[in-house]
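Read through the structure below, which is laid out as structure tokens, and then see the notes.
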Amino acid sequence: MAGADRLSALPDEVLRRVLYFAPAKEGASTAVLSRRWRSLWRTSGAVNLSSCFYHNYFSNSDASAISDAFFRGAAAALAAAHAGGPVRRFTLHMEAYSSYYITQVLTRERIQAVLSEPVVKHIEELRIGAAEIQTPDTYWRHTRLYGYDTAEMYKLSFGDLPSEALRVLHIVNCRHLEPPPSGVTFPRLAHLRLQGCIISLLGLQQVMDAAPQLATLHLESFSFPRYHLGGSDIGLSSSCYHLLCPTVNTLVLEDCNWAELKGGLELEAPKLQYFVYKGLAPHCHRLSLKPHACTNLVQVDLHLTVETYEPICIPFWKFLQNFNTTKVLKLKLDFTIDLIAVADEKGQDELLGNNLFFHLEHLELEGQYYELGCETGAVALANILHWCPVARNLHLKLKQMSRTSSYLSSTEVAQLDFDKSIDHFRLRKRSMISMSGDYYDYKKCDVSDVPILNKHSFSCLQSHLRRVSLKFWMEHKNCFGIKLVKFFADNAMVLEEMFIDDGSQKMCHHVNR
């Protein structure tokens with residue numbers, strides 16, 4: 001039925017769960033829908049406050065008035081929600097065109113006052129954050145003058161937070177984050193996410209020590225200050241620093257800045273099972289896991305990027321040696337796999353050695369390659385196959401990279417695709433596809449071998465590899481992807497299943513197939 005009210009058919013418990021994640025303004029507005037909805041938002045157990053200031057300029061007195069109104073409204077919303085039942089989730093988020101105005105409105109005293117409300121004492125989920133509305137002008141100003149990533153937002157201490165019942169804590173863009181004072185603990189904290197925050201290494205260790213049940217640690221766009229909040233310098237020493245995470249089983253590190261840790265950072269996480277890393281490939285070797293301290297690893301997801309032409313090969317392989325006990329590895333490389341190829345045997349012995357991945361059963365690799373001179377890409381694949389002697393499942397997603405299109409804008413690349421589509425359409429041959437719909441007989445294709453792969457013998461192909469998935473973009477019938485299909489079909493002795501995807505849904509890749 002076209003006009004059916006399916007939301008009203010849901011039970012109250014489900015509607016409260018939906019309102020649990022809704023901003024306070026939108027949640028309160030549902031009270032006008034009907035008598036049934038009138039009290040639902042107040043009994044959802046959540047207060048999610050979000051405010052955005054679009055004014056480019058206002059005086060200090062205006063900032064004070066705005067701050068008064070914002071936090072007075074926060075206290076009123078908490079009181080109203082508490083009247084309907086216990087409040088379990090509290091979100092405090094602010095956006096403005098300038099970080100300066102955020103510092104004027106989101107003061108530490110105001111934050112302390114709202115977090116000291118009796119209703120907040122038993123909060124289980126807490127999210128506090130601020131963000132600068134990005135415009136070309138603000139991005140240029142912060143990047144040119146003092147760096148957007150270090151623009152001051154607000155100050156906060158773990159000692160200001162409710163600690164008794166807190167399970168989930170998410171802090172965004174706090175550039176002056178202080179550790180908990182001595183004696184303050186978070187006995188139930190299980191999930192901690194610090195996004196765009198700055199805290200000293202010593203302070204982060206104090207947080208780890210104060211959360212005996214912490215299972216998930218998520219650091220995103222995170223950095224250490226050049227100086228500890230206590231005054232000692234961490235940036236001038238060349239020694240390796242150490243962080244102990246005794247209870248963490250899930251660790252996520254995304255786009256973190258390790259530049260000030262000259263000697264690197266060693267993580268000790270004896271219970272770690274799931275590790276996610278996204279960052280620059282040339283700097284990844286600065287991060288390491290303590291040897292023999294991660295024997296429980298189950299899955300590792302690595303997303304490596306590049307910004308300059310710094311060497312990648314040696315940092316890449318050294319970084320991977322940290323995870324040779326994992327069972328599942330997912331690799332996403334935002335560069336050509338040619339850059340990680342180790343061609344000479346001496347280099348293989350130095351970088352790979354005997355530290356093979358004897359527990360790795362599932363491997364996924366996503367990357368790019370150069371069709372011209374794809375021998376180097378084949379070397380990289382040979383390194384990986386040698387490095388995974390017992391792999392059972394292999395997923396490869398490879399995209400041919402043009403040496404010219406890498407220097408073009410997205411609009412210019414799209415124009416090239418369009419031009420290619422038109423050319424294919426105009427030059428199509430009736431022998432390629434008949435009017436009756438019979439497709440070109442690829443059995444007649446002469447697909448060449450990949451000599452670099454064929455001259456090696458790989459343990460996984462002899463007795464372990466059961467499933468292979470190949471995704472590539474077939475520009476012609478003898479491209480690298482097709483060669484890999486032939487290679488695995490001929491050499492995987494116990495192969496049971498092969499999945500092949502040879503297109504990206506672009507018209508130029510499918511017309512006249």
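Labels for the structure tokens follow display order: chains A, B, ..., residues from 1 in each chain, ligands from 1.
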
Using DSSP on the backbone coordinates, identify the residues of region 288-340 of chain A assigned to helix (DSSP H, G or I); present them as number ranges by chain.
A: 313-323, 337-340

Residues of the last selection are to be written out with all heavy atoms, as a compact mmCIF listing (two decimals), in the first residue's frame.
```txt
# COMPACT_ATOMS: atom_id res chain seq x y z
N CYS A 313 60.04 -0.35 -0.78
CA CYS A 313 60.25 -1.80 -0.72
C CYS A 313 60.73 -2.27 0.65
O CYS A 313 60.11 -3.14 1.27
CB CYS A 313 61.23 -2.21 -1.81
SG CYS A 313 61.47 -4.00 -1.93
N ILE A 314 61.83 -1.71 1.13
CA ILE A 314 62.40 -2.17 2.40
C ILE A 314 61.47 -1.89 3.58
O ILE A 314 61.21 -2.80 4.38
CB ILE A 314 63.78 -1.53 2.62
CG1 ILE A 314 64.77 -2.04 1.56
CG2 ILE A 314 64.30 -1.83 4.02
CD1 ILE A 314 66.15 -1.43 1.66
N PRO A 315 60.90 -0.66 3.72
CA PRO A 315 59.95 -0.44 4.82
C PRO A 315 58.74 -1.37 4.76
O PRO A 315 58.26 -1.84 5.79
CB PRO A 315 59.53 1.03 4.64
CG PRO A 315 60.65 1.66 3.89
CD PRO A 315 61.17 0.59 2.99
N PHE A 316 58.27 -1.66 3.54
CA PHE A 316 57.10 -2.52 3.38
C PHE A 316 57.35 -3.92 3.93
O PHE A 316 56.59 -4.43 4.75
CB PHE A 316 56.72 -2.59 1.90
CG PHE A 316 55.65 -3.60 1.59
CD1 PHE A 316 54.32 -3.28 1.80
CD2 PHE A 316 55.97 -4.86 1.11
CE1 PHE A 316 53.32 -4.21 1.51
CE2 PHE A 316 54.98 -5.79 0.82
CZ PHE A 316 53.65 -5.46 1.02
N TRP A 317 58.44 -4.55 3.49
CA TRP A 317 58.69 -5.93 3.90
C TRP A 317 59.08 -6.03 5.38
O TRP A 317 58.71 -6.98 6.07
CB TRP A 317 59.78 -6.55 3.03
CG TRP A 317 59.29 -6.82 1.64
CD1 TRP A 317 59.60 -6.15 0.50
CD2 TRP A 317 58.34 -7.85 1.25
NE1 TRP A 317 58.93 -6.68 -0.58
CE2 TRP A 317 58.16 -7.72 -0.15
CE3 TRP A 317 57.67 -8.85 1.93
CZ2 TRP A 317 57.30 -8.56 -0.86
CZ3 TRP A 317 56.82 -9.69 1.22
CH2 TRP A 317 56.65 -9.54 -0.15
N LYS A 318 59.78 -5.02 5.89
CA LYS A 318 60.10 -5.03 7.31
C LYS A 318 58.84 -4.89 8.16
O LYS A 318 58.71 -5.53 9.20
CB LYS A 318 61.07 -3.88 7.62
CG LYS A 318 62.50 -4.14 7.17
CD LYS A 318 63.44 -3.05 7.65
CE LYS A 318 64.88 -3.36 7.30
NZ LYS A 318 65.81 -2.29 7.77
N PHE A 319 57.92 -4.06 7.69
CA PHE A 319 56.66 -3.88 8.42
C PHE A 319 55.85 -5.16 8.43
O PHE A 319 55.27 -5.55 9.45
CB PHE A 319 55.88 -2.74 7.76
CG PHE A 319 54.62 -2.35 8.48
CD1 PHE A 319 54.63 -2.08 9.84
CD2 PHE A 319 53.42 -2.26 7.80
CE1 PHE A 319 53.46 -1.71 10.51
CE2 PHE A 319 52.26 -1.89 8.45
CZ PHE A 319 52.28 -1.62 9.81
N LEU A 320 55.81 -5.85 7.30
CA LEU A 320 55.01 -7.07 7.21
C LEU A 320 55.53 -8.19 8.11
O LEU A 320 54.75 -9.06 8.52
CB LEU A 320 54.96 -7.56 5.76
CG LEU A 320 53.60 -7.32 5.07
CD1 LEU A 320 53.28 -5.84 5.01
CD2 LEU A 320 53.60 -7.92 3.67
N GLN A 321 56.81 -8.16 8.42
CA GLN A 321 57.34 -9.22 9.27
C GLN A 321 56.72 -9.20 10.67
O GLN A 321 56.80 -10.20 11.38
CB GLN A 321 58.86 -9.07 9.38
CG GLN A 321 59.62 -9.30 8.08
CD GLN A 321 59.34 -10.68 7.50
OE1 GLN A 321 59.25 -11.67 8.22
NE2 GLN A 321 59.20 -10.74 6.18
N ASN A 322 56.10 -8.09 11.04
CA ASN A 322 55.44 -8.02 12.34
C ASN A 322 54.24 -8.95 12.45
O ASN A 322 53.81 -9.27 13.56
CB ASN A 322 54.96 -6.59 12.62
CG ASN A 322 56.09 -5.62 12.88
OD1 ASN A 322 56.74 -5.68 13.91
ND2 ASN A 322 56.33 -4.74 11.93
N PHE A 323 53.70 -9.38 11.31
CA PHE A 323 52.41 -10.06 11.33
C PHE A 323 52.50 -11.49 10.80
O PHE A 323 51.53 -12.02 10.26
CB PHE A 323 51.40 -9.26 10.50
CG PHE A 323 51.43 -7.79 10.77
CD1 PHE A 323 51.95 -6.90 9.83
CD2 PHE A 323 50.98 -7.28 11.98
CE1 PHE A 323 51.99 -5.54 10.08
CE2 PHE A 323 51.01 -5.92 12.24
CZ PHE A 323 51.52 -5.05 11.29
N ILE A 337 52.32 -2.44 -7.50
CA ILE A 337 52.99 -3.52 -6.77
C ILE A 337 54.44 -3.67 -7.21
O ILE A 337 55.24 -4.32 -6.53
CB ILE A 337 52.23 -4.85 -6.94
CG1 ILE A 337 52.17 -5.26 -8.41
CG2 ILE A 337 50.84 -4.76 -6.34
CD1 ILE A 337 51.55 -6.63 -8.63
N ASP A 338 54.78 -3.05 -8.35
CA ASP A 338 56.17 -3.08 -8.81
C ASP A 338 57.12 -2.51 -7.75
O ASP A 338 58.28 -2.93 -7.66
CB ASP A 338 56.32 -2.25 -10.09
CG ASP A 338 55.32 -2.64 -11.16
OD1 ASP A 338 54.11 -2.51 -10.92
OD2 ASP A 338 55.76 -3.09 -12.22
N LEU A 339 56.62 -1.57 -6.94
CA LEU A 339 57.48 -0.88 -5.97
C LEU A 339 57.89 -1.78 -4.80
O LEU A 339 58.79 -1.42 -4.05
CB LEU A 339 56.76 0.36 -5.44
CG LEU A 339 56.45 1.45 -6.48
CD1 LEU A 339 55.72 2.61 -5.83
CD2 LEU A 339 57.73 1.93 -7.16
N ILE A 340 57.22 -2.92 -4.63
CA ILE A 340 57.58 -3.81 -3.52
C ILE A 340 58.30 -5.06 -4.03
O ILE A 340 58.54 -5.99 -3.25
CB ILE A 340 56.35 -4.21 -2.69
CG1 ILE A 340 55.36 -5.01 -3.55
CG2 ILE A 340 55.67 -2.98 -2.10
CD1 ILE A 340 54.22 -5.63 -2.76
```

Can you tell me which residues surround Glu254 (chain A) at a distance of at most 10 Å, considering only C-alpha atoms, apart from same-chain residues fewer than 6 positions away, and format the answer as a short mmCIF file (atom, residue, chain, number, x, y, z; two decimals) with N, CA, C and O atoms, in the first residue's frame?
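The resulting file, part_8.cif, is reproduced below:
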```cif
data_model
loop_
_atom_site.label_atom_id
_atom_site.label_comp_id
_atom_site.auth_asym_id
_atom_site.auth_seq_id
_atom_site.Cartn_x
_atom_site.Cartn_y
_atom_site.Cartn_z
N GLN A 195 40.20 10.59 17.77
CA GLN A 195 40.23 11.02 16.37
C GLN A 195 40.70 12.46 16.28
O GLN A 195 40.07 13.37 16.80
N HIS A 218 41.17 2.68 19.01
CA HIS A 218 41.09 3.21 17.65
C HIS A 218 41.70 4.61 17.65
O HIS A 218 41.15 5.55 18.24
N LEU A 219 42.86 4.75 16.99
CA LEU A 219 43.53 6.04 16.87
C LEU A 219 43.50 6.46 15.40
O LEU A 219 44.02 5.77 14.53
N GLU A 220 42.88 7.63 15.16
CA GLU A 220 42.72 8.11 13.79
C GLU A 220 43.20 9.56 13.69
O GLU A 220 42.80 10.40 14.51
N SER A 221 44.05 9.82 12.71
CA SER A 221 44.65 11.16 12.55
C SER A 221 45.21 11.63 13.88
O SER A 221 45.06 12.79 14.27
N PHE A 222 45.84 10.73 14.55
CA PHE A 222 46.32 10.94 15.92
C PHE A 222 47.81 11.29 15.88
O PHE A 222 48.54 10.84 15.01
N VAL A 276 44.35 -3.18 12.36
CA VAL A 276 44.07 -2.40 11.15
C VAL A 276 45.04 -1.23 11.10
O VAL A 276 45.21 -0.52 12.10
N TYR A 277 45.66 -1.04 9.94
CA TYR A 277 46.61 0.06 9.79
C TYR A 277 46.39 0.73 8.45
O TYR A 277 46.28 0.08 7.41
N LYS A 278 46.31 2.07 8.46
CA LYS A 278 46.27 2.86 7.24
C LYS A 278 47.26 4.00 7.40
O LYS A 278 47.21 4.75 8.37
N GLY A 279 48.17 4.13 6.45
CA GLY A 279 49.16 5.19 6.55
C GLY A 279 50.16 5.13 5.42
O GLY A 279 50.06 4.32 4.50
N LEU A 280 51.14 6.02 5.51
CA LEU A 280 52.16 6.13 4.48
C LEU A 280 53.11 4.93 4.51
O LEU A 280 53.65 4.59 5.57
N LEU A 302 45.83 -3.98 6.13
CA LEU A 302 46.81 -2.92 5.90
C LEU A 302 46.44 -2.14 4.64
O LEU A 302 46.22 -2.73 3.57
N HIS A 303 46.35 -0.83 4.79
CA HIS A 303 46.07 0.07 3.66
C HIS A 303 47.22 1.07 3.60
O HIS A 303 47.31 1.99 4.42
#
```

Give the strand (DSSP E) residues of region 37-134 of chain A, as assigned by DSSP on the backbone, as a PyMOL selection string.
chain A and resi 46-53+89-96+125-132

Using only C-alpha atoms, pick whichever of A:Asp62, A:Val328, A:Lys155, A:Leu161 has the shortest atom-to-atom distance to Cys197 (chain A).
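Looking at the shortest contact to Cys197 (chain A), the residue is A:Lys155.
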
Find the residues around region 289-293 of chain A up to 10 Å (only C-alpha atoms counted), leave out those fewer than 2 positions away in its own chain, and share them as a PDB file with C-alpha atoms, in the first residue's frame.
```pdb
ATOM      1  CA  HIS A 242      57.253   1.477  23.958  1.00  0.00           C
ATOM      2  CA  LEU A 243      53.477   1.308  24.475  1.00  0.00           C
ATOM      3  CA  LEU A 244      51.910  -1.500  26.483  1.00  0.00           C
ATOM      4  CA  LEU A 265      57.227   2.943  18.417  1.00  0.00           C
ATOM      5  CA  GLU A 266      57.039  -0.643  19.630  1.00  0.00           C
ATOM      6  CA  LEU A 267      53.599  -1.913  20.591  1.00  0.00           C
ATOM      7  CA  GLU A 268      53.169  -4.707  23.089  1.00  0.00           C
ATOM      8  CA  ALA A 269      49.685  -6.179  22.836  1.00  0.00           C
ATOM      9  CA  PRO A 270      49.730  -9.823  23.966  1.00  0.00           C
ATOM     10  CA  LYS A 271      45.974 -10.294  23.410  1.00  0.00           C
ATOM     11  CA  LEU A 272      45.814  -8.632  19.988  1.00  0.00           C
ATOM     12  CA  LEU A 287      55.776   1.052  13.968  1.00  0.00           C
ATOM     13  CA  THR A 295      50.753 -14.930  18.891  1.00  0.00           C
ATOM     14  CA  ASN A 296      46.949 -14.584  18.977  1.00  0.00           C
ATOM     15  CA  LEU A 297      46.667 -12.573  15.742  1.00  0.00           C
ATOM     16  CA  PHE A 319      56.662  -3.877   8.420  1.00  0.00           C
ATOM     17  CA  GLN A 321      57.345  -9.215   9.266  1.00  0.00           C
ATOM     18  CA  ASN A 322      55.439  -8.019  12.342  1.00  0.00           C
ATOM     19  CA  PHE A 323      52.412 -10.061  11.330  1.00  0.00           C
ATOM     20  CA  THR A 325      51.521 -15.230  12.862  1.00  0.00           C
TER      21      THR A 325
END
```

Need to verify the contact set: region 354-366 of chain A, 7 Å, only C-alpha atoms, exclusion of same-chain residues closer than 3 positions in sequence. Can you return it as a PyMOL selection string?
chain A and resi 321+324-333+387-398

Could you jot down the CA of Phe458 (chain A) to CA of Lys483 (chain A) separation for me, Å, one decimal place?
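Computing the Euclidean distance for CA of Phe458 (chain A) and CA of Lys483 (chain A) yields 17.1 Å.
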
What's around Asp334 (chain A) at 7 Å? Count only C-alpha atoms, leave out sequence neighbours fewer than 2 positions away in its own chain, and write the answer as a PyMOL selection string.
chain A and resi 304-306+332+367

Applying 10 Å and only C-alpha atoms, which residues near region 170-173 of chain A remain after dropping the ones on its own chain fewer than 6 positions away? List them as an MDAnalysis selection string.
chainID A and resid 91:93 125:132 149:156 191:198 218 220:222

Separating CA of Ile111 (chain A) from CA of Ser44 (chain A), to the nearest tenth of an Å, is a gap of 23.1 Å

Measuring between only C-alpha atoms, which one of A:Ser8, A:Ser239, A:Ser116, A:Ser457 shows the shortest distance to Leu385 (chain A)?
A:Ser457

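Interatomic distance, CA of Phe21 (chain A) against CA of Tyr101 (chain A): 27.0 Å.
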
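Among the candidate residues A:Met208, A:Leu115, A:Val168, A:Ala80, the one lying nearest to Leu40 (chain A) is A:Ala80, with distances computed using only C-alpha atoms.
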